[in-house]
Structures are given as C-alpha cells and as structure tokens.
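Engineer: Would you mind keeping the following structure in view while I ask a few things?
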Number of protein chains: 2
Amino acid sequence: MDHALIMAGGAGTRLWPLSRENRPKQALKLVGEATLFQHAVRRLAPLFPLERIWVVTRAEHVELLAAQVPDLPRQNFIVEPEGRGTAPAIGLAAVHLQRRDPQAVMAVLTADHYISNTERFRQVLAAALEVARRGFLVTLGIQPSAPSTGYGYIEQGQPLKPVQGFDVYRAVRFTEKPDRQTAERMLASGAFSWNSGMFIWRIERILDEFARQMPDFYAQLQQVAAALGTQAYPAVIERVWPQVTKQTIDYGVMEGARDVAVIPVEMGWADVGSWGSLVDLLPANENGNILVGSQHILLEAQNTLIFGGERLIAAIGVSDLIIVDAGDALLICHKNHEQQVKEVVEILKQQKRLDLI
Amino acid sequence: MDHALIMAGGAGTRLWPLSRENRPKQALKLVGEATLFQHAVRRLAPLFPLERIWVVTRAEHVELLAAQVPDLPRQNFIVEPEGRGTAPAIGLAAVHLQRRDPQAVMAVLTADHYISNTERFRQVLAAALEVARRGFLVTLGIQPSAPSTGYGYIEQGQPLKPVQGFDVYRAVRFTEKPDRQTAERMLASGAFSWNSGMFIWRIERILDEFARQMPDFYAQLQQVAAALGTQAYPAVIERVWPQVTKQTIDYGVMEGARDVAVIPVEMGWADVGSWGSLVDLLPANENGNILVGSQHILLEAQNTLIFGGERLIAAIGVSDLIIVDAGDALLICHKNHEQQVKEVVEILKQQKRLDLI
C-alpha cells in the first residue's frame, strides 16, 4: 500500500516573530486561512486515506499539530524525542511503516513548503509512486524559474521511460546550495532541477540504503524497531535518539544512493523559509504591498509586506519593508536584510528571553 | 502680582498614535520622565507660587492634567467648554485673573514646547515681567537657528532699553509661517526671531486690546466676566462659548497691537509638534538612532526613532524611520513623511474609529 509521511519537525527561526520554539512555522497560517501543516494534509487527502497519512515531528509539537487536523489518527504521529535531521526522522518513520505494512511505498513530503497547483502535485505524486514501485528512490525536482542560491540542485541524467505523462530521469548528482555563478550555469543547462525535499520509495529500498550508507544509525534504528509495539518502546527511543548523529537525507543517503530517479515538475512550489519567500509567494496589490491581517492604513507605502495582528498598523512613506506584528513582538525589517531575522532570535536566546523565542 | 498662565488646550494629532483626543500631547511623556505639562509647571515653580500658576484647558482634559500636578490648586484650572483658539482662551483667563487681581501681570506660557535651559527661561521671564509692568505687550522671541518654515517670525524694530541683561526691541511685524526663501532672508537679516507663543502683559493692557481689536469677542467676554463667582457662571459660559469666533492671539491681537516688545532669547526651546520635532530634540546614539522605551533589538538600523511601548521591537536594516508603538496602534513612518501622520487621524475619523483617535 502507499503511505504518505509528512515531515513536520522544523522550527523556522527566520519567520520570527511569528514562529517560535513552541509555534513552528508549519503550524502557522502564513498562506490563506489554513496552516502550512493543514495545507500539507489537505493536498494529500484525495490520494491517501487519513489512516495512511503519517506525520513525524518533535514531541513538543505533537499536540499543536494534532489539534490542527483532528481527523488524523493520533497513532499516526511518529514522535522524535528531539530533532536529529531529516535522515533519522525518515528512518524512524520507515521502521514504523514497515511494521504496519512491510511492502509499503512511502512518499516523504514536506509541511514547510507551499504548493499552489495541488492537482499537478497529486498527478506527479501518482507517477512517482509508480516509479518507486519499480525499485527507484524517486525525488521530485522543481523546474527552476531563476538561478536561486537558496536551494539544492539535482542533475538529471539518462532519461527513463515517461510515466503518466511525466518525464523521468536518472539523478546524477545532488548539489548543495550553489553560488550565483554556478546557479546560473545550472539553470542555463536545462539539466538541473531544485531539490524539493520530497521523496518516494519502497520501505525496504530506503532501509537498505540506511544499512549500507549509515550503518551506525541503522543499528540504532534496529534497536528502536525491536521495541516497537512493546512497553519498552518509550524508554528505548528516549535512550537511543540522543545518541543518533544529526544528518540530512540528502547528505546521508541520496548523494550516494543507487537507482535514484528525478521527476521534474512545475506545480507552483515555494519554500516558505523566510519572510522574503512569503513576499514572493503572496499576492501584492497595485502598489506592490502585501497586506495580511485586518487593520492597516497605508499612505504612499510601496512594496511592503504587513503581516498584522490585532492592532492597527499605519505605514507612511515606507518602501521595501517587512512589518510583522506578533502581539508580544514586532519586526520591522528591510527586505534586503530578511536573512538577519535569525540573528534577532540568536540575541534573544543569549538574553534568555524564552518568552519571545 | 505676577501670574503665570499655562495654555494647555491643544490636541496634537501629528503625534498620533500616542496623542489622542483624550490624551493630548501636553499630557504625554515625550521628553524625559515628565509630561510636557509637568515640565511646564516645574520650570515655573521657582518663579511663581503654585496659587499663581493658572491653566486654561478644555473640559475633557481637566481631570487628566490636574492628576499630573496634584499640588496645583484645582480652582486654578480655567475650563473652556470647547477650544476656540488662543485668543479666546487668553481672554477667558484674563477675566478670571482680573477678578482675583486687577493689577495682575500675566505671563502666557505654553505646555507643548520643550525648553532645555530652564534657568535662562526664568531669567528672560523675569526680564519680560519687568518690561510688561511698564505697559508693553511683551513677546518672547526665539533666536532662529535655521530658516525654519514651521514657525511664525517677529521682526525686531527700534531697540528699547536692555533689561536684566536682555536686549529688548519694539516688535514691528508678526509674520505667519514663511516660505523657504523668505525664511532664509529673515534669518540672514538678523532682525527676526521665531514667535514662541509666549506673551507677558498687564491684564488691563490685553483686555484693552481685545476691546479695541476684537470688540464682538470682548462683549461676549464681558457676559462671562459678569457671571464670574455666581451660580450662573457655568450656564453662561456654556451658552456664550460656542458662539465665540475661533481666533489666534497672533492674528486677533498681536499683529495690530500697540506697544509690542520682543525679547529674543536662546534657551534650548523646541516646539514639540510632530514626531520630526522630537527627532530633532531627543539625543541620538552613535548610529543616529533614538530609542525611547525599554525593549529594542536593532541590527544595521540608522537614524531611526523608536518610541516603544510594552512589546519588543526588532528593527533590521532600516533607516530614517519613525516607529511608534502605542499599544493599540502602531506607526511606521518615513521621516520625510511625518507631516502626513495627521492624515491617518483624518482617515480614522472618517472610519469612526473613536477608539483610536
């Protein structure tokens, strides 16, 4: 059977002051009236029954996320005592799914991206599941629209047989976030797509790769798997998990994996990683302003995002600002400086302002 | 005897969102730990006993202001049912003082200006009282430091005898806020000072000028004066005041008055009319930032005023902004647009947002 796993373990310090330790970005209503996590579940719902939609997240976020999708079975939340990166999170979910359904095909999906063309998303996912059943580790590639230096890239190699109308390629190489020049070269070549962080594979295939490429972690994972369904499980994972080395699935598995396929797709995909990415994503009015929230008065304001809270925000003569009112904290940031938001969070950590991080 | 009258009837829509209908600017802590009204009383205290410090203000502000200076006798608050401009406010105070002390010399002072050199202020006031006793209508002129187009100007004519070390001149002309070119010419001539709105005169002299130059108002004032000390007073002023034509003391009296003297003085005087004027007044740090309030994190911010409230304000990469957090409303305004703050108040009036104006 096909299963979907939503990775919902992130935090998102670059979306401060809205995102906090106990209010991660996937739990926020950043686009439209649903949270990113609710969007992630809803776009899967026509393809998977709820009992086959799984969520991996950190212990402190389970209640928050479960409350946002009350129909999702509570036992489908796979809980990490603490985040150890995407590779361990996927490995943990894989052994849970394996116990339930050893023949499972597993689609690893994200909660911190936005996808505007959900119909296209479902189509490519259906195609990817078919390719995965044949034994490939499939990754969804995003057809790049710009020489972005913010994403990893996947090089497309030998074409495989098209599936359900989608071109499919062997993946040659996974590249980390490039410099501008490299990004421009990759974009011009037409042979690269962005790494979406979405993967589709048979459970046994990914577990084999863990065993081959991350043997220490695989051994730890076997201890956890052996305790599944027993009363010892909580104690075992609490003991094992802090010893697990942090690792990403890209570095730990994908770069060295066998039989990796990539399916490039254009589906209105956007990483919602920072306020700048939301500026690119949300619709602007004729002055370039993006207004989210109820009360604003703008005079001669341009190209400014106002993400409002309860109170009135009056903006006069400003341009290229990101203004976010989170109630107890307020951000006013020039668009060119949006990557420095995380520095504010660092300062607050040093100041031990636990109420604000 | 000498009496001081503090004009405290203003509103100050250009200091929104801090100033409101029921929280006028003179009641705000804009400079230091005291409100402008408290500053106004304190700088007079060494020169006048509290029982000879009077306040004219609008009915709706009496309680607020009285609470800020509890030692000031409650009967020294002269209440206008509604504001009709500076001329009627001064006339009303004059008949109150006349009844108490027909020989009074009256210093008309302001609550919406800041004076950093209070010692110099007291010296010039003592000199002005002496000139006023000789029958002059004395005005304090501020030695101009720039060709400001935001103030009225007074032209100095024939020198009179210096008093207590201050030069004294006959005032030739009162000029409204000039254009830039005119302001530069006046500054260069050395014969003009800014109109501070502070006046010193004998009661009988100013009442004579009202009788001569504003006879309709003088007749109305006589009705009010006749009711002073009687039970009819509240009904009389409630009836008369709405009929009084709005007028400023400059237009209504000073421009056409006889024997007007001006004493130019440099005493760190500043009009606190708008956020821009506060920017000029408050001390900036090495990055040009002015931070009032407790919680800020600034990264690469320059020449920005943050007038904070309770919550944390993080400003990144911004410059030349005025940021004011009033709790229920927030202003983010480029310095070059600070005069448009009052447009926000107009819009809120149209929207009937009585909670925010």
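Within each chain, counting starts at residue 1; across the structure tokens, chains are named A, B, ... in the order shown, with ligands numbered 1 upward in that order.
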Taking only C-alpha atoms into account and nothing else, which residues of chain B lie no more than 12 Å away from chain A? Please answer as a ChimeraX atom specification.
Structural biologist: /B:16-17,295-302,304,306,308-348,351,353,355-357
Engineer: Taking the DSSP assignment computed from this structure's backbone, write out as an mmCIF file with C-alpha atoms, in the first residue's frame all residues of region 81-300 of chain A that belong to strand (DSSP E or B).
Structural biologist:
```cif
data_model
loop_
_atom_site.group_PDB
_atom_site.id
_atom_site.type_symbol
_atom_site.label_atom_id
_atom_site.label_comp_id
_atom_site.auth_asym_id
_atom_site.auth_seq_id
_atom_site.Cartn_x
_atom_site.Cartn_y
_atom_site.Cartn_z
ATOM 1 C CA VAL A 105 5.655 2.531 -0.691
ATOM 2 C CA MET A 106 6.394 5.677 1.247
ATOM 3 C CA ALA A 107 6.062 9.223 -0.010
ATOM 4 C CA VAL A 108 8.110 11.617 2.099
ATOM 5 C CA LEU A 109 6.514 15.050 1.912
ATOM 6 C CA THR A 110 7.033 18.426 3.471
ATOM 7 C CA HIS A 113 6.507 24.333 1.506
ATOM 8 C CA TYR A 114 3.540 25.783 -0.275
ATOM 9 C CA ILE A 115 2.172 24.253 -3.480
ATOM 10 C CA LEU A 137 14.380 6.142 -4.987
ATOM 11 C CA VAL A 138 12.351 8.892 -6.579
ATOM 12 C CA THR A 139 12.784 12.561 -5.862
ATOM 13 C CA LEU A 140 10.518 15.327 -7.046
ATOM 14 C CA GLY A 141 12.525 18.018 -8.775
ATOM 15 C CA ILE A 142 11.195 21.536 -9.134
ATOM 16 C CA TYR A 153 20.003 21.200 -7.197
ATOM 17 C CA ILE A 154 19.627 17.748 -8.741
ATOM 18 C CA GLU A 155 21.306 16.939 -12.049
ATOM 19 C CA GLN A 156 19.192 14.948 -14.463
ATOM 20 C CA GLY A 157 20.992 12.158 -16.288
ATOM 21 C CA GLN A 158 19.782 9.388 -18.574
ATOM 22 C CA PRO A 159 16.053 9.612 -19.403
ATOM 23 C CA LEU A 160 13.895 6.757 -18.207
ATOM 24 C CA LYS A 161 10.520 5.795 -19.624
ATOM 25 C CA PRO A 162 7.983 8.637 -19.127
ATOM 26 C CA VAL A 163 5.284 7.795 -16.600
ATOM 27 C CA PHE A 166 5.895 12.967 -16.738
ATOM 28 C CA ASP A 167 9.498 12.820 -17.899
ATOM 29 C CA VAL A 168 11.626 10.731 -15.573
ATOM 30 C CA TYR A 169 15.417 10.809 -15.370
ATOM 31 C CA ARG A 170 18.136 9.031 -13.508
ATOM 32 C CA ALA A 171 19.517 11.503 -10.965
ATOM 33 C CA VAL A 172 23.254 12.000 -11.482
ATOM 34 C CA ARG A 173 24.182 14.264 -8.625
ATOM 35 C CA PHE A 174 22.789 16.178 -5.647
ATOM 36 C CA THR A 175 24.347 19.639 -5.314
ATOM 37 C CA PHE A 192 19.029 20.599 -13.248
ATOM 38 C CA SER A 193 16.039 20.933 -11.034
ATOM 39 C CA TRP A 194 15.662 22.174 -7.471
ATOM 40 C CA ASN A 195 15.672 19.622 -4.711
ATOM 41 C CA SER A 196 12.179 19.799 -3.239
ATOM 42 C CA GLY A 197 12.935 17.520 -0.308
ATOM 43 C CA MET A 198 10.107 15.232 -1.419
ATOM 44 C CA PHE A 199 10.993 11.575 -1.933
ATOM 45 C CA ILE A 200 9.073 8.452 -2.853
ATOM 46 C CA TRP A 201 10.401 4.915 -2.358
ATOM 47 C CA ARG A 202 9.679 1.410 -1.159
ATOM 48 C CA VAL A 260 17.800 7.403 -7.906
ATOM 49 C CA ALA A 261 15.226 8.933 -10.250
ATOM 50 C CA VAL A 262 14.115 12.519 -10.517
ATOM 51 C CA ILE A 263 10.817 13.749 -11.924
ATOM 52 C CA PRO A 264 10.919 17.476 -12.712
ATOM 53 C CA VAL A 265 7.626 19.250 -12.223
ATOM 54 C CA TRP A 269 6.004 25.099 -5.394
ATOM 55 C CA ALA A 270 7.534 27.560 -2.948
ATOM 56 C CA ASP A 271 9.735 27.149 0.044
ATOM 57 C CA ILE A 290 1.033 42.674 0.654
ATOM 58 C CA LEU A 291 -1.427 43.042 3.498
ATOM 59 C CA VAL A 292 -2.245 40.107 5.725
ATOM 60 C CA HIS A 296 -3.987 48.837 8.052
ATOM 61 C CA ILE A 297 -3.765 52.413 6.857
ATOM 62 C CA LEU A 298 -1.145 52.961 4.175
ATOM 63 C CA LEU A 299 -0.119 56.311 2.726
#
```
Engineer: Quick check, in Å to one decimal: how far apart do CA of Gly273 (chain B) and CA of Arg14 (chain B) lie?
Structural biologist: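 Atom-to-atom, CA of Gly273 (chain B) and CA of Arg14 (chain B) are spaced 6.7 Å apart.
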Engineer: For Val79 (chain A), find every residue with an atom within 8 Å (counting only C-alpha atoms), except residues of its own chain fewer than 2 positions away, and show them as a PyMOL selection string.
Structural biologist: chain A and resi 56-59+62+77+81
Engineer: Going by DSSP on the backbone, which residues of region 130-303 of chain B come out as alpha helix (DSSP H)? List them as a ChimeraX atom specification.
Structural biologist: /B:130-133,180-189,203-213,215-227,233-240,249-252,275-281
Engineer: Would you export the selected residues with C-alpha atoms as a short mmCIF file (atom, residue, chain, number, x, y, z; two decimals), in the first residue's frame, please?
Structural biologist:
```
data_model
loop_
_atom_site.label_atom_id
_atom_site.label_comp_id
_atom_site.auth_asym_id
_atom_site.auth_seq_id
_atom_site.Cartn_x
_atom_site.Cartn_y
_atom_site.Cartn_z
CA GLU B 130 9.62 94.00 34.21
CA VAL B 131 9.05 95.27 30.64
CA ALA B 132 5.37 94.30 30.85
CA ARG B 133 4.90 96.30 34.02
CA ARG B 180 11.78 78.81 2.42
CA GLN B 181 13.17 81.79 0.54
CA THR B 182 11.55 84.30 2.88
CA ALA B 183 12.75 82.33 5.89
CA GLU B 184 16.32 82.40 4.59
CA ARG B 185 16.15 86.15 4.00
CA MET B 186 14.77 86.74 7.50
CA LEU B 187 17.41 84.53 9.10
CA ALA B 188 20.20 86.32 7.20
CA SER B 189 18.95 89.78 8.21
CA ILE B 203 -4.20 92.31 32.37
CA GLU B 204 -5.68 95.70 31.66
CA ARG B 205 -3.46 96.14 28.58
CA ILE B 206 -4.52 92.89 26.93
CA LEU B 207 -8.18 93.48 27.78
CA ASP B 208 -7.92 96.93 26.21
CA GLU B 209 -6.56 95.35 23.04
CA PHE B 210 -9.41 92.82 22.97
CA ALA B 211 -11.88 95.70 23.38
CA ARG B 212 -10.27 97.65 20.56
CA GLN B 213 -9.43 94.87 18.08
CA PRO B 215 -15.00 94.06 20.10
CA ASP B 216 -17.52 91.26 19.45
CA PHE B 217 -15.44 88.82 21.44
CA TYR B 218 -14.85 91.44 24.13
CA ALA B 219 -18.62 91.86 24.53
CA GLN B 220 -19.02 88.09 24.88
CA LEU B 221 -16.19 88.08 27.39
CA GLN B 222 -17.94 90.75 29.44
CA GLN B 223 -21.00 88.48 29.72
CA VAL B 224 -18.78 85.74 31.07
CA ALA B 225 -16.94 88.15 33.39
CA ALA B 226 -20.25 89.43 34.82
CA ALA B 227 -21.18 85.88 35.81
CA TYR B 233 -21.36 81.09 35.51
CA PRO B 234 -21.50 77.51 34.18
CA ALA B 235 -24.68 78.19 32.22
CA VAL B 236 -23.34 81.49 30.86
CA ILE B 237 -20.07 80.12 29.57
CA GLU B 238 -21.81 77.04 28.13
CA ARG B 239 -24.12 79.42 26.25
CA VAL B 240 -21.58 82.03 25.18
CA ILE B 249 -3.85 85.70 19.56
CA ASP B 250 -1.33 86.45 16.78
CA TYR B 251 -3.94 87.35 14.16
CA GLY B 252 -6.56 88.68 16.54
CA TRP B 275 7.47 63.21 15.57
CA GLY B 276 10.01 65.02 13.40
CA SER B 277 10.41 67.72 16.03
CA LEU B 278 11.06 65.04 18.64
CA VAL B 279 13.71 63.56 16.37
CA ASP B 280 15.46 66.95 16.44
CA LEU B 281 15.06 67.20 20.20
#
```
Engineer: Can you list, as a PyMOL selection string, every protein, DNA or RNA residue that comes within 12 Å of Lys246 (chain B) when you count only C-alpha atoms, leaving out same-chain residues fewer than 6 positions away?
Structural biologist: chain B and resi 82-89+214+216-217+252
Engineer: Grab the residues selected above and save them as a compact mmCIF listing (two decimals), in the first residue's frame with C-alpha atoms.
Structural biologist:
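Writing the result to selection28.txt gives the following:
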```txt
# COMPACT_ATOMS: atom_id res chain seq x y z
CA GLU B 82 -14.54 73.79 23.84
CA GLY B 83 -11.39 75.14 22.26
CA ARG B 84 -11.88 78.39 20.27
CA GLY B 85 -8.23 79.20 19.57
CA THR B 86 -5.62 81.03 21.62
CA ALA B 87 -7.27 84.49 21.65
CA PRO B 88 -10.48 83.40 23.44
CA ALA B 89 -8.51 81.11 25.78
CA MET B 214 -11.96 92.13 18.83
CA ASP B 216 -17.52 91.26 19.45
CA PHE B 217 -15.44 88.82 21.44
CA GLY B 252 -6.56 88.68 16.54
```
Engineer: By how many Å are CA of Phe48 (chain A) and CA of Leu129 (chain A) apart?
Structural biologist: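 These atoms are spaced 11.9 Å apart.
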Engineer: Please measure the separation of CA of Phe136 (chain B) and CA of Asp2 (chain B), giving the value in Å to one decimal.
Structural biologist: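 Answer for the CA of Phe136 (chain B) to CA of Asp2 (chain B) separation: 14.6 Å.
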